[in-house]
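Since the structure comes first, as structure tokens, the remarks are kept for the end.
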Amino acid sequence: VMVSGQRLAHFFRNSVQSRNWMTVREPRDPRLVVEMVLKEVQAFSAQLSRILGDQQKVSTGHQRRTLSRYKSGMELEMERLWAKKIIVFGNIPFNRNRALVGILRIAFKALYEYMRDETFSKFGLQQIQVDCAFLCEAARDFVAAEDASVLESLLDEVVNSASQRCNDPELMELQKVETICDEKKKKMTSVKFE
């Protein structure tokens, strides 16, 4: 779990550190690294299913992320506090779902830490927002709903951290983020992962 999580964290580190976030254009898609990470997660999930005999959760396609639209300020603050208390490198139960959650916790916490080393323009922040929204929605296809909410808290913290490091912190409209994520998800489901 740790090695796999660190592998994904390495993908995130390279993608964050190799980009000039001050010159990013308005986002139209999640970045390529998001697709790479999701392909790896799919491969990890298949391996874990074979090794542990634990069947992969079948996605119903009905689970939607709310994109923090219906959350009050108090709820968001509670989630931020909860995300900071998540034990990233703790022991996990021996099943596919919890192993994937452990891998994603390591990767998402690393992404959060990488945000602290960068400075973002408005569009750089919005790109991180789109990437995190898509990662969150895609993670729901791999893990149980209660675990997906923990991962969502970590990704919300990534966006919050980038927002604090932004010169002009203006998030993209949530409807636009949902549209971008929906279009990308349709493209990814029409073209099977190789």
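So you can find residues: chains in the structure tokens are A, B, ... in the order shown, residues in each start at 1, and ligands are numbered from 1 in order.
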
I'd like the neighbourhood of range 167-181 of chain A as a list in words, where a residue qualifies if any of its atoms comes within 9 Å (using only C-alpha atoms), though same-chain residues fewer than 4 positions away should be ignored. Met22, Pro27, Arg28, Asp29, Pro30, Arg65, Leu67, Ser68, Arg69, Thr119, Phe120, Ser121, Lys122, Phe123, Leu125, Gln126, Gln127, Gln129, Val130, Asp131, Ala133, Phe134, Glu137, Ala162, Ser163, Lys185 and Lys186 of chain A

Take the residues that were just selected and, keeping C-alpha atoms, output them as a compact mmCIF listing (two decimals), in the first residue's frame.
```
# COMPACT_ATOMS: atom_id res chain seq x y z
CA MET A 22 1.44 31.48 -12.88
CA PRO A 27 -8.80 24.80 -17.57
CA ARG A 28 -10.83 22.81 -20.09
CA ASP A 29 -9.97 19.31 -18.83
CA PRO A 30 -8.34 17.60 -15.87
CA ARG A 65 -20.04 14.62 -5.66
CA LEU A 67 -18.86 19.89 -5.07
CA SER A 68 -19.39 21.57 -1.69
CA ARG A 69 -22.47 23.31 -3.08
CA THR A 119 2.30 29.93 -6.08
CA PHE A 120 -0.80 29.91 -8.27
CA SER A 121 -2.53 32.27 -10.64
CA LYS A 122 -6.33 32.31 -10.81
CA PHE A 123 -6.34 29.74 -13.62
CA LEU A 125 -6.01 27.42 -8.84
CA GLN A 126 -8.97 26.59 -11.08
CA GLN A 127 -6.95 23.80 -12.74
CA GLN A 129 -9.98 22.64 -8.52
CA VAL A 130 -10.94 20.75 -11.71
CA ASP A 131 -8.31 18.06 -11.11
CA ALA A 133 -13.15 17.44 -8.47
CA PHE A 134 -12.48 14.82 -11.12
CA GLU A 137 -15.71 11.77 -8.53
CA ALA A 162 -3.82 26.11 -3.40
CA SER A 163 -6.32 28.90 -2.76
CA LYS A 185 -15.77 11.00 -17.58
CA LYS A 186 -17.77 10.34 -20.77
```

If we count only C-alpha atoms, what is near Asp54 in chain A at a cut-off of 7 Å, once residues fewer than 4 positions away on the same chain are taken out, given as a list in words? Ser49, Asn95 and Arg96 of chain A

Of the candidates A:His10, A:Ala138, A:Tyr112, A:Gly5, which shows the shortest atom-to-atom distance to Asp182 in chain A, using only C-alpha atoms? A:Ala138

Figure out the distance between CA of Met115 in chain A and CA of Ser161 in chain A, please, to one decimal in Å.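 Calculated distance between CA of Ser161 in chain A and CA of Met115 in chain A is 6.2 Å.
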
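Minimum distance to Leu8 in chain A across A:Ala107, A:Ile51, A:Ala148, A:Met36 (counting only C-alpha atoms) occurs at A:Ala107.
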